[in-house]
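Enquirer: Following this line is start00.csv, made up of CSV, C-alpha atoms:
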chain,number,residue,atom,x,y,z
A,1,MET,CA,7.4,-111.6,-87.4
A,2,ASN,CA,3.7,-110.6,-87.8
A,3,ILE,CA,1.8,-113.4,-86.1
A,4,ALA,CA,-1.5,-112.1,-87.4
A,5,GLU,CA,-0.4,-113.0,-91.0
A,6,LEU,CA,0.1,-116.7,-90.0
A,7,LYS,CA,-2.6,-119.3,-90.8
A,8,PHE,CA,-3.4,-121.4,-87.7
A,9,ASP,CA,-5.5,-124.5,-88.3
A,10,GLU,CA,-9.1,-125.0,-87.0
A,11,ASN,CA,-7.6,-125.9,-83.6
A,12,GLY,CA,-5.5,-122.8,-83.5
A,13,LEU,CA,-2.3,-124.6,-84.1
A,14,ILE,CA,0.6,-124.4,-86.6
A,15,PRO,CA,3.2,-127.1,-87.2
A,16,ALA,CA,6.8,-126.1,-86.3
A,17,VAL,CA,9.8,-128.0,-87.7
A,18,VAL,CA,12.7,-127.5,-85.2
A,19,GLN,CA,16.1,-127.5,-86.9
A,20,ASP,CA,19.6,-127.3,-85.6
A,21,ALA,CA,20.8,-123.9,-86.8
A,22,VAL,CA,24.4,-125.1,-87.1
A,23,SER,CA,24.2,-128.7,-88.4
A,24,LYS,CA,20.9,-128.2,-90.2
A,25,GLU,CA,19.6,-131.5,-88.8
A,26,VAL,CA,15.9,-131.7,-88.1
A,27,LEU,CA,15.5,-132.2,-84.4
A,28,THR,CA,11.8,-132.6,-83.9
A,29,VAL,CA,8.3,-131.5,-85.2
A,30,ALA,CA,5.9,-130.0,-82.8
A,31,TYR,CA,2.9,-127.6,-82.7
A,32,MET,CA,2.6,-124.0,-81.6
A,33,ASN,CA,-0.5,-121.9,-80.9
A,34,GLU,CA,-0.4,-118.1,-80.8
A,35,GLU,CA,0.5,-118.0,-77.1
A,36,SER,CA,3.4,-120.4,-77.4
A,37,LEU,CA,4.7,-118.6,-80.4
A,38,LYS,CA,4.6,-115.3,-78.6
A,39,LYS,CA,6.4,-116.9,-75.6
A,40,THR,CA,9.0,-118.3,-78.0
A,41,LEU,CA,9.6,-114.9,-79.6
A,42,GLU,CA,9.7,-113.2,-76.1
A,43,THR,CA,12.0,-115.6,-74.4
A,44,LYS,CA,14.2,-116.7,-77.4
A,45,GLU,CA,13.5,-120.3,-76.2
A,46,THR,CA,11.1,-122.8,-77.8
A,47,TRP,CA,7.6,-123.1,-76.4
A,48,PHE,CA,5.0,-125.5,-77.9
A,49,TYR,CA,1.5,-126.6,-77.4
A,50,SER,CA,0.9,-130.2,-76.4
A,51,ARG,CA,-2.1,-131.7,-78.2
A,52,SER,CA,-2.2,-134.7,-75.8
A,53,ARG,CA,-2.0,-132.7,-72.6
A,54,GLN,CA,-3.9,-129.6,-74.0
A,55,LYS,CA,-1.4,-127.2,-72.5
A,56,LEU,CA,1.7,-125.2,-73.3
A,57,TRP,CA,5.1,-126.7,-72.6
A,58,HIS,CA,8.5,-125.1,-72.5
A,59,LYS,CA,11.2,-127.3,-74.1
A,60,GLY,CA,13.8,-128.2,-71.5
A,61,GLU,CA,11.7,-127.0,-68.5
A,62,THR,CA,12.3,-130.3,-66.6
A,63,SER,CA,15.3,-131.8,-68.5
A,64,GLY,CA,17.3,-128.6,-68.9
A,65,ASN,CA,17.7,-129.3,-72.6
A,66,THR,CA,16.4,-126.0,-73.8
A,67,GLN,CA,16.6,-124.7,-77.3
A,68,THR,CA,17.9,-121.2,-78.0
A,69,VAL,CA,16.0,-119.7,-81.0
A,70,GLN,CA,18.1,-118.1,-83.7
A,71,GLU,CA,15.5,-117.6,-86.4
A,72,ILE,CA,11.9,-118.4,-87.2
A,73,ARG,CA,10.8,-118.8,-90.8
A,74,TYR,CA,7.4,-119.5,-92.3
A,75,ASP,CA,6.5,-121.1,-95.7
A,76,CYS,CA,4.9,-119.5,-98.7
A,77,ASP,CA,1.4,-120.4,-97.5
A,78,LYS,CA,2.2,-119.1,-94.0
A,79,ASP,CA,0.8,-122.2,-92.4
A,80,ALA,CA,4.0,-123.9,-91.2
A,81,LEU,CA,7.2,-122.8,-89.4
A,82,VAL,CA,10.8,-123.7,-89.3
A,83,VAL,CA,12.5,-122.8,-86.0
A,84,LEU,CA,16.3,-122.7,-86.2
A,85,VAL,CA,17.8,-123.3,-82.7
A,86,ILE,CA,21.0,-123.9,-80.8
A,87,PRO,CA,20.1,-127.1,-78.8
A,88,ASN,CA,21.4,-127.1,-75.2
A,89,GLY,CA,21.3,-130.9,-75.0
A,90,PRO,CA,19.3,-133.7,-76.7
A,91,ALA,CA,16.1,-132.8,-78.4
A,92,CYS,CA,14.3,-136.1,-77.9
A,93,HIS,CA,12.8,-137.4,-74.6
A,94,THR,CA,14.8,-140.7,-75.2
A,95,GLY,CA,18.1,-138.8,-74.8
A,96,GLN,CA,18.9,-138.8,-78.5
A,97,TYR,CA,20.1,-135.7,-80.3
A,98,SER,CA,17.2,-135.8,-82.7
A,99,CYS,CA,13.7,-137.4,-82.6
A,100,PHE,CA,14.3,-138.8,-86.1
A,101,SER,CA,15.9,-142.0,-87.2
A,102,LYS,CA,19.4,-142.0,-88.8
A,103,GLU,CA,18.4,-144.7,-91.3
A,104,ASN,CA,18.4,-143.5,-94.9
A,105,GLY,CA,16.4,-146.4,-96.4
A,106,GLY,CA,19.4,-147.8,-98.2
A,107,GLN,CA,19.7,-144.9,-100.5
A,108,VAL,CA,23.1,-144.2,-102.1
A,109,ASP,CA,24.6,-140.8,-101.2
A,110,GLY,CA,24.9,-138.7,-104.3
A,111,SER,CA,27.3,-136.0,-103.4
A,112,ARG,CA,31.1,-136.2,-102.9
A,113,PHE,CA,30.6,-133.9,-99.9
A,114,ASP,CA,27.9,-135.9,-98.2
A,115,ILE,CA,30.4,-137.1,-95.6
A,116,ILE,CA,30.9,-133.5,-94.5
A,117,ASN,CA,27.2,-133.2,-93.8
A,118,LYS,CA,27.1,-136.5,-92.0
A,119,LEU,CA,30.2,-135.6,-89.9
A,120,GLU,CA,28.8,-132.2,-89.0
A,121,ALA,CA,25.6,-133.9,-87.8
A,122,VAL,CA,27.5,-136.6,-85.8
A,123,ILE,CA,29.6,-133.9,-84.1
A,124,ALA,CA,26.4,-132.0,-83.2
A,125,GLU,CA,24.9,-135.2,-81.8
A,126,ARG,CA,28.0,-135.9,-79.7
A,127,GLU,CA,27.9,-132.4,-78.3
A,128,ALA,CA,24.3,-132.9,-77.3
A,129,GLU,CA,24.4,-136.5,-76.0
A,130,ARG,CA,28.0,-136.7,-74.6
A,131,PRO,CA,28.3,-140.5,-75.0
A,132,GLU,CA,30.9,-141.9,-72.7
A,133,GLY,CA,34.1,-143.1,-74.4
A,134,SER,CA,33.6,-140.8,-77.5
A,135,TYR,CA,36.7,-138.8,-78.5
A,136,THR,CA,34.4,-136.0,-79.6
A,137,THR,CA,32.8,-135.9,-76.2
A,138,TYR,CA,36.2,-135.7,-74.7
A,139,LEU,CA,37.0,-132.7,-76.8
A,140,PHE,CA,33.8,-130.8,-75.9
A,141,GLU,CA,34.3,-131.6,-72.2
A,142,LYS,CA,37.9,-130.4,-72.2
A,143,GLY,CA,36.7,-127.2,-73.8
A,144,LEU,CA,37.9,-124.5,-76.2
A,145,ASP,CA,41.6,-124.5,-75.4
A,146,LYS,CA,41.9,-128.3,-76.0
A,147,ILE,CA,40.1,-128.0,-79.3
A,148,LEU,CA,42.3,-125.1,-80.4
A,149,LYS,CA,45.4,-127.0,-79.5
A,150,LYS,CA,44.3,-130.0,-81.6
A,151,VAL,CA,43.5,-127.7,-84.6
A,152,GLY,CA,47.0,-126.2,-84.3
A,153,GLU,CA,48.6,-129.6,-84.0
A,154,GLU,CA,46.8,-131.0,-87.0
A,155,ALA,CA,47.6,-128.0,-89.1
A,156,SER,CA,51.3,-128.5,-88.2
A,157,GLU,CA,51.0,-132.2,-89.2
A,158,VAL,CA,49.5,-131.2,-92.5
A,159,ILE,CA,52.4,-128.9,-93.2
A,160,ILE,CA,54.9,-131.7,-92.3
A,161,ALA,CA,53.1,-134.3,-94.5
A,162,ALA,CA,53.1,-131.9,-97.4
A,163,LYS,CA,56.9,-131.2,-96.9
A,164,ASN,CA,57.4,-135.0,-96.9
A,165,ARG,CA,55.6,-135.3,-100.3
A,166,SER,CA,53.6,-138.2,-98.8
A,167,HIS,CA,50.1,-138.4,-100.2
A,168,ASP,CA,49.1,-141.1,-97.8
A,169,GLU,CA,50.3,-139.1,-94.8
A,170,LEU,CA,48.8,-135.9,-96.1
A,171,LYS,CA,45.3,-137.3,-96.7
A,172,TRP,CA,45.2,-138.7,-93.1
A,173,GLU,CA,46.4,-135.4,-91.6
A,174,ALA,CA,44.1,-133.3,-93.8
A,175,ALA,CA,41.2,-135.5,-92.6
A,176,ASP,CA,42.2,-134.9,-89.0
A,177,LEU,CA,42.4,-131.2,-89.6
A,178,LEU,CA,39.0,-131.0,-91.2
A,179,PHE,CA,37.4,-133.0,-88.4
A,180,HIS,CA,38.9,-130.8,-85.6
A,181,LEU,CA,37.9,-127.7,-87.6
A,182,LEU,CA,34.3,-128.9,-87.7
A,183,VAL,CA,34.4,-129.5,-83.9
A,184,LEU,CA,35.7,-126.0,-83.4
A,185,LEU,CA,32.9,-124.5,-85.6
A,186,ARG,CA,30.4,-126.5,-83.5
A,187,GLU,CA,31.9,-125.3,-80.2
A,188,GLN,CA,31.7,-121.7,-81.5
A,189,LYS,CA,28.1,-122.3,-82.8
A,190,LEU,CA,29.2,-121.1,-86.3
A,191,PRO,CA,27.4,-122.9,-89.1
A,192,LEU,CA,29.7,-124.3,-91.9
A,193,ASP,CA,27.2,-122.7,-94.3
A,194,GLU,CA,28.5,-119.3,-93.2
A,195,VAL,CA,32.0,-120.3,-94.1
A,196,LEU,CA,30.9,-121.6,-97.4
A,197,THR,CA,29.0,-118.3,-98.0
A,198,VAL,CA,32.3,-116.4,-97.5
A,199,LEU,CA,34.0,-118.6,-100.1
A,200,LYS,CA,31.2,-118.1,-102.5
A,201,GLU,CA,31.2,-114.3,-102.1
A,202,ARG,CA,34.9,-114.2,-102.6
A,203,HIS,CA,34.6,-116.3,-105.8
A,204,GLU,CA,31.9,-114.1,-107.2
A,205,LYS,CA,33.9,-110.9,-106.8
Would you write out, as structure tokens, the structure that this file holds?
Expert:
Amino acid sequence: MNIAELKFDENGLIPAVVQDAVSKEVLTVAYMNEESLKKTLETKETWFYSRSRQKLWHKGETSGNTQTVQEIRYDCDKDALVVLVIPNGPACHTGQYSCFSKENGGQVDGSRFDIINKLEAVIAEREAERPEGSYTTYLFEKGLDKILKKVGEEASEVIIAAKNRSHDELKWEAADLLFHLLVLLREQKLPLDEVLTVLKERHEK
């Protein structure tokens, strides 16, 4: 990235939208100046400029909830940034995964696959916040081997349900398999988008 090409405002700042690189959820919006952007590029962790405190701040410096930078994009006008990160804990000072509300204003979902997007976001949220009593929290805390075991178990259950010719049984087991597969992708920090890209590339051949 050529910082000299970017357009900072009259205060030497540029807005940065921080987005989870895996779930694609927007985590927060902050500001960077040239120095904080350079530190971000050098350390591969997010650094911002606090307008209220008039100083640089390293995300997670006190909380430990750092953000590992995967990619930085700028818009066509070069006056705004999107920072794709892997969050190492909640992004918000309140302890929430994202600084943004989950409310959708009562809008009706338009896509048959919206639930996948929502589920991916919830799984990312559970990994970051680790709420007590959550099954997803349990899986992340038990680690990779437990998650792999569940994926294997659910795949076997799908096979049995299909052999039984039971649609009710199959839809439940398929849902369980999809859920645990999404948990596995999150644990591996592999965006679902990359899996979908593979499918698209295969289809286009």
Enquirer: Quick one: everything within 7 Å of Val85 of chain A, counting all atoms listed in the file, minus sequence neighbours fewer than 5 positions away in the same chain. Send it as number ranges by chain.
Expert: A: 19-21, 67-70
Enquirer: Rank nothing, just name the residue among A:Glu120, A:Asp79, A:Glu45, A:Glu5 nearest to Leu190 of chain A, using all atoms listed in the file.
Expert: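 When distances to Leu190 of chain A are compared using all atoms listed in the file, the smallest one comes from A:Glu120.
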Enquirer: Atom CA of Ala175 of chain A and atom CA of Arg126 of chain A are how many Å apart?
Expert: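 Computing it gives 18.5 Å between the two atoms.
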Enquirer: Between atom CA of Gly64 of chain A and atom CA of Pro90 of chain A, what is the spacing in Å?
Expert: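 So the answer is 9.5 Å.
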Enquirer: Between atom CA of Thr66 of chain A and atom CA of Leu148 of chain A, what is the distance in Å, rounded to a tenth?
Expert: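 Taking atom CA of Thr66 of chain A and atom CA of Leu148 of chain A, their separation equals 26.7 Å.
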Enquirer: For each of A:Glu154, A:Leu178, A:Asn117, A:His58, take the minimum atom-to-atom distance to Thr43 of chain A, counting only C-alpha atoms, then give the residue where this is smallest.
Expert: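 Result for the nearest residue to Thr43 of chain A: A:His58.
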Enquirer: Could you check which of A:Gly152, A:Glu125, A:Ile3, A:Asn65 is closest to Thr137 of chain A, using only C-alpha atoms?
Expert: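 Looking at the shortest contact to Thr137 of chain A, the residue is A:Glu125.
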Enquirer: With only C-alpha atoms as the atoms that count, which of A:Leu199, A:Leu13, A:Cys76, A:Leu144 lies nearest to Gln54 of chain A?
Expert: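 Once distances to Gln54 of chain A are computed over only C-alpha atoms, the minimum belongs to A:Leu13.
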Enquirer: Under the rule that all atoms listed in the file are counted, which of A:Ala121, A:Val18, A:Leu56, A:Val26 is the nearest residue to Val82 of chain A?
Expert: A:Val18
Enquirer: Name the closest residue to Leu41 of chain A among the candidates A:Arg53, A:Arg73, A:Lys171, A:Lys24; distances are taken between atoms, counting only C-alpha atoms.
Expert: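 Of all the options, A:Arg73 lies closest to Leu41 of chain A.
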Enquirer: Find the residues around Arg186 of chain A up to 8 Å (only C-alpha atoms counted), leave out those fewer than 3 positions away in its own chain, and share them as a PDB file with C-alpha atoms, keeping the file's coordinate frame.
Expert:
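Just written: part18.pdb:
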ATOM      1  CA  VAL A  22      24.400-125.100 -87.100  1.00  0.00           C
ATOM      2  CA  ILE A 123      29.600-133.900 -84.100  1.00  0.00           C
ATOM      3  CA  ALA A 124      26.400-132.000 -83.200  1.00  0.00           C
ATOM      4  CA  LEU A 182      34.300-128.900 -87.700  1.00  0.00           C
ATOM      5  CA  VAL A 183      34.400-129.500 -83.900  1.00  0.00           C
ATOM      6  CA  LYS A 189      28.100-122.300 -82.800  1.00  0.00           C
ATOM      7  CA  LEU A 190      29.200-121.100 -86.300  1.00  0.00           C
ATOM      8  CA  PRO A 191      27.400-122.900 -89.100  1.00  0.00           C
TER       9      PRO A 191
END
